Amino acid sequence: MSSIQQDLSVFSKFNFEMPPIGVKFLFHKPEGIERLDKNIAFCQMLKEAQLRGTPFYAEPENQSCQPGAYVWGSESPKVFESGLFGVALKVFKDARADVKIHQPVRRLEKGIVNYIAFSPLDKLSFDPDLLIILTDNVSQTEIVLRAMSYTTGEKLCSKMTFVMGCAWIIAYPYITGQVNYVISGLGSGIKAQKVFPEGRQIISIPYNWLPTITQNLQEMEWFLPLYTDESKVIEQACAELGLPRPES
Amino acid sequence: MSSIQQDLSIFNKFNFEKPPVGVKFLFNKPEGIERLDKNLAFCEMTREAQQSEAPFYVDLENLSCKPSAYVWGHDISEVYKSGLFGVAIKAFKEACANKRIYQYLPRLAPGIVNYIAFSPLDKLSFDPDLLIILTDNTSQTEIVLRAIVYTNGEMWSSEMTNVLGCAWLFAYPFVTGKLNYVTTGISCGMKAKKVFPEGRQLISIPFNWLPTITQNLQEMEWVLPAYVADDIGGFVARIYTELGVSPS
């Protein structure tokens with residue numbers, strides 16, 4: 001596992017209540033990092049990394065959640081994919097709805113990821129495949145997402161399914177290279193396990209977006225003048241560009 | 001404009017702090033509804049309808065936010081579309097980022113919508129093209145969104161840009177027929193105008209989804225058993241046993 005090459009310290013400026021977590025998908029067992037000493041769900045591994053304060057790695061045996069194991073690429077009993085599990089949980093009226101929800105779910109290919117390393121930002125010794133941030137409020141979310149669009153005009157998309165929410169935080173951004181954010185309290189598993197406070201955003205940034213977002217966070221104004229005095233800023237912009245003076 | 005045929009009263013059960021708002025896109029001037037007596041931005045019209053005692057309609061002259069006229073299908077100054085305006089308000093570093101947004105932004109087709117009617121749910125006299133809900137908390141959002149999952153297994157997708165957020169509340173659901181939800185405080189315009197409390201969800205339900213969602217809200221359990229289980233591990237283990245799966 002190569003050492004960290006990039007400077008992600010700009011994220012420290014947010015003073016997040018819980019530290020961002022770097023995640024690395026590995027074929028070989030990482031050296032110099034402890035194995036997780038318990039079996040928990042994917043989403044709980046993120047929380048563990050936030051609270052533990054030191055890096056650790058997990059292997060499939062550490063995964064206690066059947067849907068989470070499916071996202072990691074393991075074969076799961078077919079009864080889960082049949083839709084009957086979702087009906088038994090009363091999430092779906094009929095099995096067919098549960099069967100359908102499996103279709104867009106991204107999962108890691110079996111056998112290519114044997115270990116996953118997690119580390120809080122201040123202990124990060126490797127270049128992460130994902131940086132996962134639990135924001136404290138929407139203002140922080142707005143700044144991180146704006147850092148994505150500031151130089152690119154990228155759309156802000158949040159993809160999620162009601163079950164297997166971990167797929168959209170862990171597998172989807174890694175496989176597609178798209179930044180994703182989800183709202184805590186919307187996915188059934190994370191909500192039922194009370195992993196994160198409800199109503200926050202969990203932003204998952206894949207490695208390919210980290211240079212752009214960190215660079216833009218260093219350059220752009222975090223709090224737009226527009227938010228302090230909208231009419232003055234609009235009026236100045238219109239005057240500068242020769243547009244008609246806007247109505248008040 | 002035809003009279004309302006469907007029963008949307010199930011939404012009253014949420015006791016939303018602000019009422020859901022029905023929106024209708026019209027070619028002809030509606031009869032029996034008053035014209036809005038002030039000029040506002042699109043997003044502010046939704047808030048106006050939440051606070052209004054009676055339905056109202058607007059025409060283009062009522063729209064105070066010039067860029068959002070584009071979303072309505074009207075021509076706007078090329079200066080906006082050039083991206084220079086986004087740079088002038090410091091939302092983007094270069095014009096290309098803002099300009100790119102105009103390449104994919106959803107909008108109503110030019111010339112087909114001359115009037116837009118708004119009504120709070122309890123005064124709704126027409127079948128809405130959109131029902132826009134501002135939820136008070138994530139639990140309410142979860143229930144509404146689960147109502148598209150319960151029988152259909154739909155994935156959730158929240159589409160948004162950091163400017164012209166109204167496009168994703170009004171045009172996108174109507175044009176695509178897809179439910180959309182956005183988190184308040186993420187898009188610059190609405191944030192700057194302080195239209196809605198931050199951190200809530202605005203859910204825009206297009207007409208084609210209303211029958212499914214209202215029916216499912218009547219049938220499904222609003223609070224899932226998993227959310228109130230004292231021992232979530234034991235609860236899931238019991239379901240595994242019911243399905244003949246040995247817990248891992």
# chains A, B, ... in the order shown; residues from 1 in each chain; ligands from 1
call {"tool": "interface_residues", "arguments": {"of": "chain B", "to": "chain A", "cutoff": "7 Å", "atoms": "only C-alpha atoms", "output": "ChimeraX atom specification"}}
result
/B:64,85,88-94,97-98,100-101,138-139,142,150-162,185-186,191-193,198-199,224,226-227,232,239,248
call {"tool": "write_last_selection", "arguments": {"atoms": "C-alpha atoms", "output": "compact mmCIF listing (two decimals), in the first residue's frame"}}
result
# COMPACT_ATOMS: atom_id res chain seq x y z
CA SER B 64 -38.52 38.32 -10.41
CA PHE B 85 -23.07 35.74 -14.22
CA ALA B 88 -19.66 37.47 -11.05
CA ILE B 89 -21.54 36.07 -8.02
CA LYS B 90 -18.48 33.90 -7.21
CA ALA B 91 -20.36 30.61 -7.46
CA PHE B 92 -17.95 29.45 -10.16
CA LYS B 93 -14.29 30.02 -10.88
CA GLU B 94 -14.58 30.18 -14.66
CA ALA B 97 -18.33 25.65 -15.32
CA ASN B 98 -21.51 27.73 -15.14
CA ARG B 100 -21.91 23.76 -18.77
CA ILE B 101 -24.92 23.71 -16.45
CA THR B 138 -35.90 13.08 7.89
CA SER B 139 -38.45 10.61 9.25
CA GLU B 142 -38.17 8.57 4.67
CA TYR B 150 -42.93 -0.19 -1.22
CA THR B 151 -44.55 -1.56 -4.36
CA ASN B 152 -42.09 -0.48 -7.04
CA GLY B 153 -38.58 -0.99 -5.68
CA GLU B 154 -37.51 2.34 -7.14
CA MET B 155 -34.08 3.68 -6.36
CA TRP B 156 -33.85 7.22 -5.04
CA SER B 157 -32.08 9.86 -7.00
CA SER B 158 -31.79 13.48 -5.96
CA GLU B 159 -30.76 15.69 -8.86
CA MET B 160 -29.65 19.25 -8.28
CA THR B 161 -27.29 21.99 -9.37
CA ASN B 162 -25.79 24.58 -7.07
CA GLY B 185 -29.52 24.98 1.82
CA ILE B 186 -27.51 23.26 -0.89
CA LYS B 191 -29.98 29.65 0.31
CA ALA B 192 -29.25 33.30 -0.46
CA LYS B 193 -32.94 34.20 -0.45
CA GLU B 198 -31.95 24.67 5.89
CA GLY B 199 -31.50 20.93 6.11
CA LEU B 224 -41.10 -0.07 10.31
CA ALA B 226 -37.03 -2.65 12.61
CA TYR B 227 -36.92 1.00 13.68
CA ILE B 232 -32.14 -5.04 16.09
CA ILE B 239 -36.42 -13.08 10.30
CA SER B 248 -23.73 -15.59 10.15
call {"tool": "select_by_dssp", "arguments": {"residues": "segment 72-228 of chain B", "states": "alpha helix (DSSP H)", "output": "PDB file with C-alpha atoms, in the first residue's frame"}}
result
ATOM      1  CA  GLU B  78     -27.092  35.322 -23.358  1.00  0.00           C
ATOM      2  CA  VAL B  79     -24.924  36.827 -20.642  1.00  0.00           C
ATOM      3  CA  TYR B  80     -26.526  34.465 -18.103  1.00  0.00           C
ATOM      4  CA  LYS B  81     -26.011  31.444 -20.333  1.00  0.00           C
ATOM      5  CA  LEU B  84     -20.279  35.112 -16.698  1.00  0.00           C
ATOM      6  CA  PHE B  85     -23.073  35.745 -14.217  1.00  0.00           C
ATOM      7  CA  GLY B  86     -22.096  32.698 -12.152  1.00  0.00           C
ATOM      8  CA  VAL B  87     -18.516  33.979 -12.030  1.00  0.00           C
ATOM      9  CA  ALA B  88     -19.660  37.475 -11.051  1.00  0.00           C
ATOM     10  CA  ALA B  95     -17.492  30.789 -17.021  1.00  0.00           C
ATOM     11  CA  CYS B  96     -17.145  27.322 -18.531  1.00  0.00           C
ATOM     12  CA  ALA B  97     -18.327  25.653 -15.317  1.00  0.00           C
ATOM     13  CA  ASN B  98     -21.506  27.727 -15.143  1.00  0.00           C
ATOM     14  CA  LYS B  99     -22.022  27.533 -18.910  1.00  0.00           C
ATOM     15  CA  ARG B 100     -21.912  23.761 -18.768  1.00  0.00           C
ATOM     16  CA  ILE B 101     -24.922  23.709 -16.449  1.00  0.00           C
ATOM     17  CA  TYR B 102     -27.051  25.281 -19.174  1.00  0.00           C
ATOM     18  CA  GLN B 103     -26.203  22.331 -21.420  1.00  0.00           C
ATOM     19  CA  TYR B 104     -28.065  19.844 -19.236  1.00  0.00           C
ATOM     20  CA  THR B 138     -35.895  13.079   7.885  1.00  0.00           C
ATOM     21  CA  SER B 139     -38.448  10.609   9.249  1.00  0.00           C
ATOM     22  CA  GLN B 140     -41.178  12.235   7.168  1.00  0.00           C
ATOM     23  CA  THR B 141     -38.893  12.250   4.126  1.00  0.00           C
ATOM     24  CA  GLU B 142     -38.170   8.572   4.668  1.00  0.00           C
ATOM     25  CA  ILE B 143     -41.871   7.703   4.748  1.00  0.00           C
ATOM     26  CA  VAL B 144     -42.741   9.647   1.585  1.00  0.00           C
ATOM     27  CA  LEU B 145     -39.769   8.237  -0.302  1.00  0.00           C
ATOM     28  CA  ARG B 146     -40.464   4.719   0.958  1.00  0.00           C
ATOM     29  CA  ALA B 147     -43.913   5.003  -0.576  1.00  0.00           C
ATOM     30  CA  ILE B 148     -42.317   4.802  -4.055  1.00  0.00           C
ATOM     31  CA  VAL B 149     -40.227   1.860  -2.948  1.00  0.00           C
ATOM     32  CA  CYS B 166     -35.805  25.596  -9.194  1.00  0.00           C
ATOM     33  CA  TYR B 172     -37.269  18.076 -13.976  1.00  0.00           C
ATOM     34  CA  PRO B 173     -40.079  16.108 -12.267  1.00  0.00           C
ATOM     35  CA  PHE B 174     -42.664  17.406 -14.736  1.00  0.00           C
ATOM     36  CA  VAL B 175     -40.576  16.753 -17.846  1.00  0.00           C
ATOM     37  CA  THR B 176     -39.178  13.366 -16.807  1.00  0.00           C
ATOM     38  CA  CYS B 188     -27.159  28.990  -3.872  1.00  0.00           C
ATOM     39  CA  GLY B 189     -30.279  30.899  -4.920  1.00  0.00           C
ATOM     40  CA  MET B 190     -32.671  29.456  -2.361  1.00  0.00           C
ATOM     41  CA  LYS B 191     -29.984  29.645   0.308  1.00  0.00           C
ATOM     42  CA  ALA B 192     -29.249  33.299  -0.459  1.00  0.00           C
ATOM     43  CA  LYS B 193     -32.937  34.198  -0.449  1.00  0.00           C
ATOM     44  CA  LEU B 210     -49.337  10.446  -7.042  1.00  0.00           C
ATOM     45  CA  PRO B 211     -51.703   7.424  -7.322  1.00  0.00           C
ATOM     46  CA  THR B 212     -48.976   4.975  -6.288  1.00  0.00           C
ATOM     47  CA  ILE B 213     -47.695   7.095  -3.435  1.00  0.00           C
ATOM     48  CA  THR B 214     -51.098   7.932  -1.966  1.00  0.00           C
ATOM     49  CA  GLN B 215     -52.188   4.286  -2.205  1.00  0.00           C
ATOM     50  CA  ASN B 216     -48.980   3.059  -0.559  1.00  0.00           C
ATOM     51  CA  LEU B 217     -49.166   5.654   2.207  1.00  0.00           C
ATOM     52  CA  GLN B 218     -52.582   4.244   3.022  1.00  0.00           C
ATOM     53  CA  GLU B 219     -51.384   0.646   3.037  1.00  0.00           C
ATOM     54  CA  PRO B 225     -40.833  -2.697  13.058  1.00  0.00           C
ATOM     55  CA  ALA B 226     -37.029  -2.655  12.613  1.00  0.00           C
ATOM     56  CA  TYR B 227     -36.924   0.998  13.683  1.00  0.00           C
ATOM     57  CA  VAL B 228     -38.518   0.319  17.050  1.00  0.00           C
TER      58      VAL B 228
END
call {"tool": "residues_around", "arguments": {"residues": "segment 129-137 of chain B", "least_positions_apart": "6", "cutoff": "8 Å", "atoms": "only C-alpha atoms", "output": "ChimeraX atom specification"}}
result
/A:199 /B:16-25,169-170,173-174,200-207
call {"tool": "residues_around", "arguments": {"residues": "segment 45-60 of chain A", "least_positions_apart": "5", "cutoff": "8 Å", "atoms": "only C-alpha atoms", "output": "CSV table (one decimal) with N, CA and C atoms, in the first residue's frame"}}
result
chain,number,residue,atom,x,y,z
A,18,MET,N,-17.1,14.7,13.6
A,18,MET,CA,-16.5,13.3,13.4
A,18,MET,C,-15.5,13.5,12.3
A,19,PRO,N,-14.3,12.9,12.4
A,19,PRO,CA,-13.3,13.1,11.3
A,19,PRO,C,-13.7,12.4,10.0
A,20,PRO,N,-13.3,13.0,8.9
A,20,PRO,CA,-13.5,12.2,7.6
A,20,PRO,C,-12.7,10.9,7.7
A,21,ILE,N,-13.2,9.9,6.9
A,21,ILE,CA,-12.6,8.6,6.9
A,21,ILE,C,-12.0,8.3,5.6
A,30,PRO,N,-2.9,-5.5,4.4
A,30,PRO,CA,-2.0,-4.3,4.6
A,30,PRO,C,-1.1,-4.6,5.8
A,33,ILE,N,-1.0,-2.1,10.0
A,33,ILE,CA,-2.4,-1.7,10.4
A,33,ILE,C,-3.0,-2.9,11.1
A,34,GLU,N,-3.7,-2.6,12.2
A,34,GLU,CA,-4.4,-3.7,12.9
A,34,GLU,C,-5.6,-4.2,12.3
A,35,ARG,N,-5.9,-5.5,12.5
A,35,ARG,CA,-7.2,-6.0,12.0
A,35,ARG,C,-8.3,-5.6,13.0
A,36,LEU,N,-9.4,-5.3,12.4
A,36,LEU,CA,-10.6,-5.0,13.3
A,36,LEU,C,-10.9,-6.2,14.2
A,40,ILE,N,-18.9,-6.4,12.5
A,40,ILE,CA,-19.9,-5.3,12.5
A,40,ILE,C,-20.3,-5.1,11.0
A,69,ALA,N,-22.4,-7.8,3.2
A,69,ALA,CA,-21.5,-8.9,2.6
A,69,ALA,C,-21.8,-9.0,1.1
A,72,TRP,N,-20.0,-6.3,-0.7
A,72,TRP,CA,-18.6,-6.6,-0.7
A,72,TRP,C,-18.3,-7.7,-1.7
A,114,ASN,N,-10.0,-8.1,-0.9
A,114,ASN,CA,-10.0,-9.1,0.2
A,114,ASN,C,-9.8,-8.4,1.5
A,115,TYR,N,-9.4,-7.1,1.5
A,115,TYR,CA,-9.3,-6.3,2.7
A,115,TYR,C,-9.7,-4.9,2.5
A,116,ILE,N,-10.2,-4.3,3.5
A,116,ILE,CA,-10.6,-2.8,3.3
A,116,ILE,C,-10.0,-2.1,4.5
A,117,ALA,N,-9.2,-1.1,4.2
A,117,ALA,CA,-8.6,-0.3,5.3
A,117,ALA,C,-9.4,1.0,5.5
A,118,PHE,N,-9.5,1.3,6.8
A,118,PHE,CA,-10.2,2.5,7.2
A,118,PHE,C,-9.3,3.4,8.1
A,119,SER,N,-9.3,4.6,7.9
A,119,SER,CA,-8.5,5.5,8.7
A,119,SER,C,-9.1,6.9,8.9
A,120,PRO,N,-9.1,7.4,10.1
A,120,PRO,CA,-9.5,8.8,10.3
A,120,PRO,C,-8.5,9.7,9.6
A,123,LYS,N,-4.9,10.4,10.8
A,123,LYS,CA,-4.0,9.3,10.9
A,123,LYS,C,-3.8,8.6,9.5
A,124,LEU,N,-4.2,9.3,8.5
A,124,LEU,CA,-4.2,8.7,7.2
A,124,LEU,C,-2.7,8.5,6.7
A,195,VAL,N,-26.9,4.2,13.4
A,195,VAL,CA,-25.4,4.4,13.2
A,195,VAL,C,-25.0,5.9,13.3
A,196,PHE,N,-25.8,6.7,12.6
A,196,PHE,CA,-25.4,8.1,12.5
A,196,PHE,C,-26.6,9.0,12.9
call {"tool": "select_by_dssp", "arguments": {"residues": "segment 3-232 of chain A", "states": "strand (DSSP E or B)", "output": "PyMOL selection string"}}
result
chain A and resi 3+21-26+34-35+40+56-58+63+115-120+126+130-134+156-160+180-183+201-206
call {"tool": "residues_around", "arguments": {"residues": "Leu108 of chain A", "least_positions_apart": "2", "cutoff": "8 Å", "atoms": "only C-alpha atoms", "output": "list in words"}}
result
Val71, Trp72, Gly73, Arg106, Lys110, Ile112, Val113, Ala171 and Ile175 of chain A
call {"tool": "closest_residue", "arguments": {"among": "B:Asp127, B:Glu34, B:Asp230, B:Glu53", "to": "Tyr115 of chain B", "atoms": "only C-alpha atoms"}}
result
B:Glu34
call {"tool": "atom_distance", "arguments": {"atom1": "atom CA of Glu81 of chain A", "atom2": "atom CA of Ala167 of chain A"}}
result
14.9 Å
call {"tool": "residues_around", "arguments": {"residues": "Ala54 of chain B", "least_positions_apart": "5", "cutoff": "12 Å", "atoms": "only C-alpha atoms", "output": "ChimeraX atom specification"}}
result
/B:21-22,32-36,48-49,117-125
